[in-house]
$ cat my_file_6.cif   # mmCIF, C-alpha atoms and all ligand atoms
data_start
loop_
_atom_site.label_atom_id
_atom_site.label_comp_id
_atom_site.auth_asym_id
_atom_site.auth_seq_id
_atom_site.Cartn_x
_atom_site.Cartn_y
_atom_site.Cartn_z
CA MET A 1 -211.09 151.32 -54.67
CA SER A 2 -213.37 150.17 -51.83
CA ALA A 3 -212.20 153.09 -49.67
CA LEU A 4 -212.83 155.49 -52.57
CA ALA A 5 -216.25 153.89 -53.14
CA THR A 6 -217.18 154.51 -49.50
CA GLU A 7 -215.88 158.09 -49.63
CA HIS A 8 -218.02 158.88 -52.69
CA LYS A 9 -221.00 156.70 -51.72
CA ALA A 10 -220.46 154.83 -54.99
CA VAL A 11 -221.97 151.48 -55.90
CA ASN A 12 -219.08 149.09 -55.31
CA LEU A 13 -218.66 146.68 -58.22
CA GLY A 14 -214.93 146.75 -57.54
CA GLN A 15 -213.88 144.41 -54.76
CA GLY A 16 -215.00 140.80 -55.09
CA PHE A 17 -217.53 140.19 -52.34
CA PRO A 18 -221.28 139.56 -52.39
CA ASP A 19 -223.60 142.25 -51.01
CA PHE A 20 -226.47 139.82 -50.37
CA PRO A 21 -226.90 137.79 -47.18
CA MET A 22 -225.33 134.38 -46.71
CA SER A 23 -227.36 131.33 -45.69
CA ALA A 24 -229.24 131.86 -42.41
CA ALA A 25 -229.11 128.09 -41.82
CA LEU A 26 -225.32 128.13 -41.94
CA ILE A 27 -225.21 131.03 -39.49
CA GLU A 28 -227.46 129.00 -37.17
CA LEU A 29 -225.09 126.04 -37.41
CA VAL A 30 -222.16 128.24 -36.34
CA ALA A 31 -224.18 129.70 -33.47
CA ASP A 32 -225.15 126.15 -32.43
CA ALA A 33 -221.51 125.07 -32.55
CA MET A 34 -220.57 127.98 -30.29
CA ARG A 35 -223.43 127.26 -27.86
CA ASN A 36 -222.47 123.60 -27.84
CA GLY A 37 -218.97 124.44 -26.66
CA PHE A 38 -216.90 124.14 -29.84
CA ASN A 39 -214.89 127.21 -28.93
CA GLN A 40 -211.34 125.96 -28.39
CA TYR A 41 -208.48 125.21 -30.78
CA SER A 42 -209.24 122.65 -33.42
CA PRO A 43 -206.51 120.21 -34.45
CA MET A 44 -203.67 121.76 -36.49
CA PRO A 45 -204.72 120.16 -39.83
CA GLY A 46 -208.38 121.09 -39.27
CA TRP A 47 -211.59 119.67 -37.81
CA MET A 48 -211.69 116.05 -38.96
CA PRO A 49 -215.41 115.84 -39.81
CA LEU A 50 -214.94 118.84 -42.09
CA ARG A 51 -211.96 117.24 -43.81
CA GLU A 52 -214.07 114.09 -44.27
CA ALA A 53 -216.92 116.10 -45.78
CA ILE A 54 -214.44 117.76 -48.17
CA ALA A 55 -213.05 114.37 -49.22
CA GLU A 56 -216.60 113.20 -49.94
CA LYS A 57 -217.28 116.30 -52.03
CA ILE A 58 -214.04 115.89 -53.99
CA GLU A 59 -214.87 112.24 -54.70
CA PHE A 60 -218.36 113.18 -55.88
CA LEU A 61 -217.24 116.13 -58.04
CA TYR A 62 -213.87 115.07 -59.38
CA ASN A 63 -214.04 111.30 -59.18
CA THR A 64 -210.89 110.95 -57.12
CA THR A 65 -210.09 109.85 -53.59
CA VAL A 66 -208.23 112.19 -51.25
CA ASN A 67 -207.24 111.12 -47.79
CA PRO A 68 -208.69 113.54 -45.21
CA ASP A 69 -206.04 112.60 -42.68
CA THR A 70 -202.95 113.11 -44.83
CA GLU A 71 -203.96 115.18 -47.85
CA ILE A 72 -206.36 117.93 -46.69
CA THR A 73 -205.44 120.90 -44.49
CA ILE A 74 -207.93 123.56 -43.40
CA THR A 75 -206.52 127.07 -43.70
CA PRO A 76 -207.59 130.61 -42.84
CA GLY A 77 -208.67 131.36 -46.41
CA GLY A 78 -207.54 130.52 -49.91
CA THR A 79 -204.91 133.28 -50.03
CA TYR A 80 -203.17 131.75 -47.01
CA ALA A 81 -203.31 128.28 -48.57
CA ILE A 82 -201.55 129.65 -51.68
CA TYR A 83 -198.95 131.52 -49.61
CA THR A 84 -198.27 128.42 -47.52
CA ALA A 85 -197.95 126.15 -50.57
CA LEU A 86 -195.46 128.52 -52.19
CA THR A 87 -193.50 128.95 -48.96
CA THR A 88 -193.40 125.17 -48.52
CA VAL A 89 -191.66 124.52 -51.84
CA LEU A 90 -189.77 127.65 -52.88
CA GLN A 91 -186.07 128.24 -52.29
CA PRO A 92 -184.24 131.47 -53.17
CA GLY A 93 -183.52 131.63 -56.91
CA ASP A 94 -186.33 129.24 -57.92
CA GLU A 95 -188.44 130.41 -60.83
CA VAL A 96 -192.24 130.46 -60.80
CA ILE A 97 -194.30 130.78 -63.97
CA VAL A 98 -197.14 133.16 -63.20
CA PHE A 99 -199.76 134.53 -65.59
CA GLU A 100 -200.88 138.14 -65.82
CA PRO A 101 -203.30 139.64 -65.19
CA GLY A 102 -203.41 137.60 -61.99
CA TYR A 103 -204.69 137.68 -58.42
CA ASP A 104 -202.56 140.19 -56.62
CA SER A 105 -201.12 138.01 -53.85
CA TYR A 106 -199.19 135.58 -56.08
CA ILE A 107 -196.16 137.65 -57.02
CA PRO A 108 -195.54 139.09 -53.53
CA ASN A 109 -195.81 135.51 -52.17
CA ILE A 110 -193.15 134.38 -54.66
CA VAL A 111 -190.85 137.33 -54.03
CA VAL A 112 -191.00 137.12 -50.23
CA ASN A 113 -189.58 133.60 -50.56
CA GLY A 114 -186.62 134.89 -52.58
CA ALA A 115 -187.95 133.22 -55.73
CA ILE A 116 -188.31 134.80 -59.15
CA PRO A 117 -191.68 135.40 -60.83
CA VAL A 118 -191.50 134.60 -64.55
CA ARG A 119 -194.46 136.55 -65.87
CA ILE A 120 -196.42 135.55 -68.95
CA ASP A 121 -199.25 137.64 -70.34
CA LEU A 122 -202.56 135.90 -70.99
CA GLN A 123 -203.55 136.53 -74.61
CA PHE A 124 -205.84 139.54 -74.82
CA PRO A 125 -208.84 139.70 -75.16
CA GLU A 126 -209.71 136.02 -74.44
CA TYR A 127 -207.05 135.85 -71.74
CA LYS A 128 -205.95 132.41 -72.88
CA ILE A 129 -202.64 130.81 -72.00
CA ASN A 130 -200.06 130.73 -74.79
CA TRP A 131 -198.57 127.28 -74.08
CA ALA A 132 -195.79 127.73 -76.64
CA GLU A 133 -194.59 130.73 -74.62
CA VAL A 134 -194.82 128.74 -71.39
CA ARG A 135 -192.65 126.04 -72.97
CA GLN A 136 -190.08 128.68 -73.96
CA LYS A 137 -189.95 130.19 -70.47
CA ILE A 138 -189.33 126.89 -68.66
CA THR A 139 -185.74 126.51 -67.45
CA PRO A 140 -183.99 124.02 -65.13
CA LYS A 141 -184.84 126.49 -62.32
CA THR A 142 -188.61 126.37 -62.93
CA LYS A 143 -190.02 125.06 -59.66
CA VAL A 144 -193.72 126.00 -59.87
CA ILE A 145 -196.42 126.87 -62.38
CA MET A 146 -199.21 128.96 -60.79
CA LEU A 147 -202.70 128.38 -62.20
CA ASN A 148 -206.06 129.98 -61.49
CA SER A 149 -209.31 128.75 -63.02
CA PRO A 150 -211.96 130.17 -63.03
CA HIS A 151 -209.80 133.22 -63.28
CA ASN A 152 -209.75 136.45 -61.32
CA PRO A 153 -209.88 139.13 -62.78
CA THR A 154 -211.02 137.94 -66.24
CA GLY A 155 -213.52 135.11 -65.79
CA ALA A 156 -211.50 132.90 -68.17
CA VAL A 157 -211.55 129.14 -67.50
CA LEU A 158 -209.07 126.42 -68.43
CA SER A 159 -210.28 124.01 -71.12
CA GLY A 160 -209.59 120.30 -71.54
CA ASP A 161 -207.09 121.28 -74.22
CA ASP A 162 -205.24 123.57 -71.75
CA ILE A 163 -204.99 120.65 -69.34
CA GLN A 164 -203.64 118.40 -72.08
CA GLN A 165 -200.96 120.95 -72.95
CA LEU A 166 -200.05 121.29 -69.29
CA ARG A 167 -199.74 117.51 -68.90
CA GLU A 168 -197.39 117.26 -71.85
CA LEU A 169 -195.34 120.17 -70.59
CA VAL A 170 -194.73 118.91 -67.06
CA GLN A 171 -194.31 115.19 -67.68
CA ASN A 172 -190.75 114.05 -66.96
CA THR A 173 -190.06 117.27 -64.98
CA ASN A 174 -190.16 118.04 -61.26
CA ILE A 175 -192.37 121.07 -61.78
CA ILE A 176 -194.95 121.58 -59.05
CA ILE A 177 -198.38 123.10 -59.76
CA VAL A 178 -200.11 125.47 -57.37
CA SER A 179 -203.70 125.64 -58.56
CA ASP A 180 -206.02 128.33 -57.23
CA GLU A 181 -209.54 126.96 -57.62
CA VAL A 182 -211.47 129.18 -55.23
CA TYR A 183 -214.17 129.74 -57.89
CA GLU A 184 -214.51 126.00 -58.66
CA HIS A 185 -218.33 126.05 -58.52
CA ILE A 186 -218.80 129.24 -60.49
CA VAL A 187 -218.55 127.98 -64.07
CA PHE A 188 -221.16 128.92 -66.69
CA ASP A 189 -222.89 127.56 -69.79
CA ASN A 190 -222.68 123.88 -68.79
CA VAL A 191 -218.90 123.81 -69.01
CA LYS A 192 -217.26 121.59 -66.41
CA HIS A 193 -214.60 122.90 -64.07
CA GLN A 194 -211.23 121.46 -65.01
CA SER A 195 -209.96 120.79 -61.51
CA ILE A 196 -206.38 119.59 -61.37
CA LEU A 197 -207.76 116.93 -59.00
CA ARG A 198 -209.47 115.19 -61.93
CA TYR A 199 -206.05 114.27 -63.35
CA PRO A 200 -204.02 111.92 -61.13
CA ASP A 201 -200.77 112.61 -63.03
CA LEU A 202 -201.19 116.33 -62.29
CA ALA A 203 -202.67 115.97 -58.78
CA GLN A 204 -199.62 114.02 -57.60
CA ARG A 205 -197.47 117.15 -58.24
CA SER A 206 -199.97 119.80 -57.09
CA PHE A 207 -201.27 121.91 -54.25
CA VAL A 208 -204.91 122.77 -54.98
CA CYS A 209 -206.34 125.70 -53.00
CA PHE A 210 -209.97 126.47 -52.14
CA SER A 211 -212.01 129.04 -50.18
CA PHE A 212 -215.32 128.69 -48.34
CA GLY A 213 -215.74 132.47 -48.47
CA LYS A 214 -216.36 132.22 -52.23
CA VAL A 215 -218.73 129.26 -52.00
CA TYR A 216 -220.98 130.33 -49.16
CA HIS A 217 -220.96 134.13 -49.57
CA CYS A 218 -218.95 134.71 -46.40
CA THR A 219 -215.64 136.20 -47.51
CA GLY A 220 -215.22 137.67 -44.02
CA TRP A 221 -214.93 134.20 -42.49
CA LYS A 222 -211.54 133.63 -44.11
CA LEU A 223 -211.68 129.85 -44.20
CA GLY A 224 -210.36 127.58 -46.93
CA TYR A 225 -208.27 124.48 -47.52
CA ALA A 226 -205.40 123.01 -49.45
CA ILE A 227 -205.31 119.55 -51.00
CA ALA A 228 -201.95 118.00 -51.81
CA PRO A 229 -200.34 114.54 -51.81
CA ALA A 230 -199.31 113.27 -48.35
CA GLY A 231 -195.60 114.12 -48.80
CA PHE A 232 -196.39 117.69 -49.81
CA THR A 233 -199.04 118.04 -47.11
CA LYS A 234 -196.60 116.95 -44.40
CA GLU A 235 -194.25 119.80 -45.36
CA PHE A 236 -197.13 122.26 -45.86
CA ARG A 237 -198.24 121.60 -42.29
CA LYS A 238 -194.77 122.42 -40.96
CA VAL A 239 -195.22 125.95 -42.31
CA HIS A 240 -198.84 126.14 -41.17
CA GLN A 241 -198.06 124.85 -37.66
CA PHE A 242 -195.84 127.82 -36.84
CA ASN A 243 -197.84 130.44 -38.63
CA CYS A 244 -201.58 130.28 -38.05
CA PHE A 245 -201.51 126.82 -36.40
CA SER A 246 -205.28 126.23 -36.44
CA CYS A 247 -208.45 127.85 -37.74
CA HIS A 248 -211.74 129.12 -36.35
CA THR A 249 -213.42 126.07 -34.80
CA PRO A 250 -217.17 126.87 -34.76
CA SER A 251 -217.29 127.61 -38.49
CA GLN A 252 -215.47 124.36 -39.26
CA VAL A 253 -217.96 122.42 -37.14
CA ALA A 254 -220.85 124.11 -38.95
CA LEU A 255 -219.39 123.58 -42.43
CA ALA A 256 -218.85 119.89 -41.71
CA THR A 257 -222.64 119.54 -41.59
CA PHE A 258 -223.55 122.13 -44.21
CA LEU A 259 -221.23 120.80 -46.91
CA LYS A 260 -223.08 117.48 -46.92
CA ASN A 261 -225.96 119.24 -48.66
CA ARG A 262 -224.75 119.05 -52.27
CA GLU A 263 -227.27 121.60 -53.46
CA SER A 264 -225.46 124.18 -51.29
CA TYR A 265 -222.59 124.27 -53.81
CA LEU A 266 -224.15 122.77 -56.94
CA SER A 267 -226.60 125.69 -57.18
CA LEU A 268 -223.89 128.35 -57.21
CA GLY A 269 -223.01 128.27 -60.93
CA ALA A 270 -226.59 128.79 -62.14
CA PHE A 271 -227.19 131.45 -59.49
CA LEU A 272 -224.22 133.52 -60.67
CA GLN A 273 -224.78 132.79 -64.36
CA GLN A 274 -228.16 134.43 -63.99
CA LYS A 275 -226.48 137.47 -62.44
CA ARG A 276 -223.89 137.58 -65.23
CA ASP A 277 -226.63 137.48 -67.88
CA TYR A 278 -228.69 140.11 -66.09
CA PHE A 279 -225.67 142.41 -65.83
CA LEU A 280 -224.81 141.83 -69.51
CA SER A 281 -228.35 142.75 -70.54
CA LEU A 282 -228.15 145.96 -68.51
CA MET A 283 -224.73 146.86 -69.88
CA LYS A 284 -226.10 146.86 -73.45
CA ASN A 285 -227.33 150.36 -72.63
CA THR A 286 -223.78 151.61 -72.03
CA ARG A 287 -220.78 152.28 -74.25
CA PHE A 288 -218.64 149.62 -72.58
CA THR A 289 -217.54 146.64 -74.71
CA MET A 290 -218.08 143.61 -72.53
CA LEU A 291 -215.54 140.78 -72.69
CA ASP A 292 -216.40 137.13 -72.08
CA SER A 293 -216.83 135.76 -68.56
CA LYS A 294 -216.99 131.96 -68.43
CA GLY A 295 -216.67 131.66 -64.66
CA SER A 296 -215.98 133.44 -61.33
CA TYR A 297 -218.07 136.48 -60.40
CA PHE A 298 -216.00 138.87 -62.46
CA ILE A 299 -216.42 140.28 -65.93
CA CYS A 300 -214.13 142.70 -67.73
CA ALA A 301 -214.99 145.45 -70.16
CA GLN A 302 -213.15 147.76 -72.53
CA TYR A 303 -214.00 151.45 -72.31
CA ASN A 304 -212.14 152.69 -75.40
CA ARG A 305 -215.40 153.98 -76.92
CA ILE A 306 -215.72 156.26 -73.89
CA SER A 307 -212.26 157.55 -73.07
CA ASP A 308 -208.54 157.16 -73.70
CA GLU A 309 -207.57 157.80 -70.08
CA SER A 310 -205.44 155.20 -68.29
CA ASP A 311 -207.57 152.50 -66.69
CA LYS A 312 -206.59 153.74 -63.24
CA ASP A 313 -207.56 157.37 -63.96
CA PHE A 314 -210.77 156.17 -65.59
CA ALA A 315 -211.69 153.95 -62.63
CA ILE A 316 -211.05 156.75 -60.15
CA ARG A 317 -212.96 159.29 -62.23
CA ILE A 318 -216.08 157.17 -62.70
CA THR A 319 -216.11 156.37 -58.99
CA ARG A 320 -215.98 160.09 -58.17
CA GLU A 321 -218.17 161.48 -60.94
CA PHE A 322 -220.61 158.68 -61.73
CA GLY A 323 -220.73 156.80 -58.44
CA VAL A 324 -219.66 153.33 -59.59
CA ALA A 325 -216.43 151.73 -58.37
CA VAL A 326 -214.61 149.23 -60.60
CA ILE A 327 -211.06 147.85 -60.61
CA PRO A 328 -208.54 148.89 -63.28
CA VAL A 329 -207.15 145.64 -64.69
CA SER A 330 -203.61 147.12 -64.79
CA ALA A 331 -203.66 146.56 -61.01
CA PHE A 332 -203.31 142.84 -61.78
CA TYR A 333 -200.06 143.31 -63.72
CA GLN A 334 -196.69 143.93 -62.06
CA ASP A 335 -195.79 146.52 -64.70
CA ALA A 336 -199.31 148.02 -64.85
CA THR A 337 -200.00 146.92 -68.47
CA ASP A 338 -202.95 149.04 -69.56
CA ASN A 339 -205.34 147.51 -72.13
CA LYS A 340 -208.03 150.03 -71.16
CA VAL A 341 -210.00 147.37 -69.38
CA VAL A 342 -211.81 147.47 -66.05
CA ARG A 343 -213.20 144.63 -63.94
CA PHE A 344 -216.73 144.47 -62.57
CA CYS A 345 -217.88 142.11 -59.82
CA PHE A 346 -221.43 140.98 -60.63
CA GLY A 347 -221.84 138.88 -57.48
CA LYS A 348 -224.25 141.53 -56.19
CA LYS A 349 -228.01 142.02 -55.62
CA GLU A 350 -230.05 142.74 -58.77
CA GLU A 351 -230.90 146.20 -57.46
CA THR A 352 -227.18 146.95 -56.99
CA LEU A 353 -226.42 145.86 -60.55
CA ALA A 354 -229.36 147.85 -61.91
CA LEU A 355 -228.33 151.02 -60.08
CA ALA A 356 -224.72 150.65 -61.25
CA ALA A 357 -225.75 150.07 -64.87
CA GLU A 358 -228.10 153.05 -64.83
CA ARG A 359 -225.20 155.25 -63.71
CA LEU A 360 -222.78 153.67 -66.20
CA ALA A 361 -225.20 154.40 -69.03
CA ARG A 362 -224.72 158.12 -68.36
CA ILE A 363 -220.97 158.04 -69.04
N1 LIG B 1 -207.71 133.48 -55.18
C1 LIG B 1 -208.46 134.30 -55.90
C2 LIG B 1 -208.27 134.30 -57.37
C3 LIG B 1 -209.40 135.13 -55.28
O1 LIG B 1 -210.13 135.96 -56.01
C4 LIG B 1 -209.56 135.05 -53.89
C5 LIG B 1 -210.57 135.92 -53.23
N2 LIG B 1 -210.07 137.11 -52.79
C6 LIG B 1 -208.74 134.15 -53.18
C7 LIG B 1 -207.82 133.39 -53.86
C8 LIG B 1 -208.74 133.90 -51.72
O2 LIG B 1 -209.80 134.06 -50.98
P1 LIG B 1 -209.76 134.05 -49.40
O3 LIG B 1 -208.34 134.20 -48.96
O4 LIG B 1 -210.60 135.22 -49.03
O5 LIG B 1 -210.34 132.75 -49.00
N1 LIG B 2 -210.86 138.40 -54.45
C1 LIG B 2 -211.37 139.68 -54.24
C2 LIG B 2 -210.96 140.60 -55.36
O1 LIG B 2 -210.08 140.29 -56.13
C3 LIG B 2 -211.06 140.31 -52.90
C4 LIG B 2 -209.69 140.14 -52.39
C5 LIG B 2 -209.05 141.42 -51.99
O2 LIG B 2 -209.68 142.46 -51.95
N2 LIG B 2 -207.79 141.32 -51.72
O3 LIG B 2 -211.53 141.65 -55.51
#
$ encode --input "my_file_6.cif" --output "structure tokens" --more "lines below"
Ligand code: PMP
Ligand code: GLN
Amino acid sequence: MSALATEHKAVNLGQGFPDFPMSAALIELVADAMRNGFNQYSPMPGWMPLREAIAEKIEFLYNTTVNPDTEITITPGGTYAIYTALTTVLQPGDEVIVFEPGYDSYIPNIVVNGAIPVRIDLQFPEYKINWAEVRQKITPKTKVIMLNSPHNPTGAVLSGDDIQQLRELVQNTNIIIVSDEVYEHIVFDNVKHQSILRYPDLAQRSFVCFSFGKVYHCTGWKLGYAIAPAGFTKEFRKVHQFNCFSCHTPSQVALATFLKNRESYLSLGAFLQQKRDYFLSLMKNTRFTMLDSKGSYFICAQYNRISDESDKDFAIRITREFGVAVIPVSAFYQDATDNKVVRFCFGKKEETLALAAERLARI
């Protein structure tokens, strides 16, 4: 969709990336790190002061202690952290519970390891997990449950009740959780992010994956991290050592300093909530039916008052004819389930959102 957006000079509300500048101070810190000679390989698990700053942040946010030496590994992005976690634990024939719609890398990551994705639909239109169905789909081969909150593409978030159901489900099993929490700071309406790290019984069986690209508006940096108990982390690093081995050093040096400023991440939720609300107010002038977004920088909408085309045809047509690119949500299902829903990314400048909404009002 991004290629099509460029071809048709469309406003790109499709791919999830901000179109506003990142922090100039953070850029300066990277430049300083480069000038100061931090240009060689960093240690395989990551730059220690950055891992220490992450441990401090986790303690402050989630009231739990993680050991920066044995439980945190810096990775080239969140996607890589998820791939590495799955590759660390999966054997051919293992089953992985995975929810749809879902971020598009999960199922290929499962399949490439010879494991079997066991797909469960989130309940439309709230996109909630049906825990009774999860219970039914668990077998002796279930190795992993994949979670993602706040959720891409829907903006759904896990509640305390979801966590309670999960705890009951996995107790007395060997099921491992891979939790994608790259949007951890982007939660709206004073709801708190239900990180798996808050729950020691869950954290001791989990890999929790994060991305700096999503926090500091620098998706092109491709830097993230995985947190897992020492035993898991030791195995995770065996995969990492012979794949990427180590990550970009100057940005790790810079982030080690920048992360200490709590406001740098605490402000993110309110900043994006304001964009969500602005976009929602603009979209009142269109015939889209907006669904709920409780977190992330995505919001979905039904277009059944406009057209009965497939979501893919609709997305392509409005990019071409009306100059706004969106993502058809069927792209996030293996079998292209089509609920006539498209995803918008509202992590954009106000003028971008206004221009897009003005064009969408003409449809
Ligand atoms: N998970 C989800 C749900 C995402 O939306 C993204 C962003 N593309 C990622 C993981 C990973 O981000 P990155 O690899 O760019 O750090
Ligand atoms: N997370 C972003 C999205 O879902 C970008 C990732 C990608 O384009 N693969 O749009």
$ atom_distance --input "my_file_6.cif" --atom1 "CA of Thr289 (chain A)" --atom2 "CA of Tyr103 (chain A)"
22.6 Å
$ atom_distance --input "my_file_6.cif" --atom1 "CA of Phe232 (chain A)" --atom2 "CA of Leu197 (chain A)"
14.6 Å
$ closest_residue --input "my_file_6.cif" --among "A:Tyr62, A:Trp47, A:Tyr106, A:Tyr199" --to "ligand LIG 2 (chain B)" --atoms "all atoms listed in the file"
A:Tyr106
$ residues_near_ligand --input "my_file_6.cif" --ligand "ligand LIG 1 (chain B)" --cutoff "10 Å" --atoms "all atoms listed in the file" --output "PyMOL selection string"
chain A and resi 15-17+75-83+102-106+147-155+179-183+209-215+218-225+296-298
$ atom_distance --input "my_file_6.cif" --atom1 "CA of Asp19 (chain A)" --atom2 "CA of Leu291 (chain A)"
23.2 Å
$ residues_around --input "my_file_6.cif" --residues "Thr173 (chain A)" --least-positions-apart "4" --cutoff "12 Å" --atoms "only C-alpha atoms" --output "number ranges by chain"
A: 138-145, 166-169, 177, 201-202, 205
$ closest_residue --input "my_file_6.cif" --among "A:Ser267, A:Thr73, A:Asn285, A:Ser159" --to "Ser195 (chain A)" --atoms "only C-alpha atoms"
A:Ser159
$ closest_residue --input "my_file_6.cif" --among "A:Ser293, A:Ala25, A:Asn243, A:Val111" --to "Val157 (chain A)" --atoms "all atoms listed in the file"
A:Ser293
$ residues_around --input "my_file_6.cif" --residues "Pro101 (chain A)" --least-positions-apart "6" --cutoff "7 Å" --atoms "all atoms listed in the file" --output "list in words"
Asp121, Leu122, Phe332 and Tyr333 of chain A
$ closest_residue --input "my_file_6.cif" --among "A:Leu282, A:Ala357, A:Ile72, A:Ala31" --to "Ile58 (chain A)" --atoms "only C-alpha atoms"
A:Ile72
$ closest_atom_pairs --input "my_file_6.cif" --of "region 268-293 of chain A" --to "region 187-193 of chain A" --cutoff "10 Å" --atoms "only C-alpha atoms" --output "CSV"
residue,atom,partner,partner_atom,distance
A:Leu268,CA,A:Val187,CA,8.7
A:Gly269,CA,A:Val187,CA,5.5
A:Ala270,CA,A:Phe188,CA,7.1
A:Phe271,CA,A:Phe188,CA,9.7
A:Leu272,CA,A:Phe188,CA,8.2
A:Gln273,CA,A:Phe188,CA,5.8
A:Gln274,CA,A:Phe188,CA,9.3
A:Arg276,CA,A:Phe188,CA,9.2
A:Ser293,CA,A:Phe188,CA,8.3
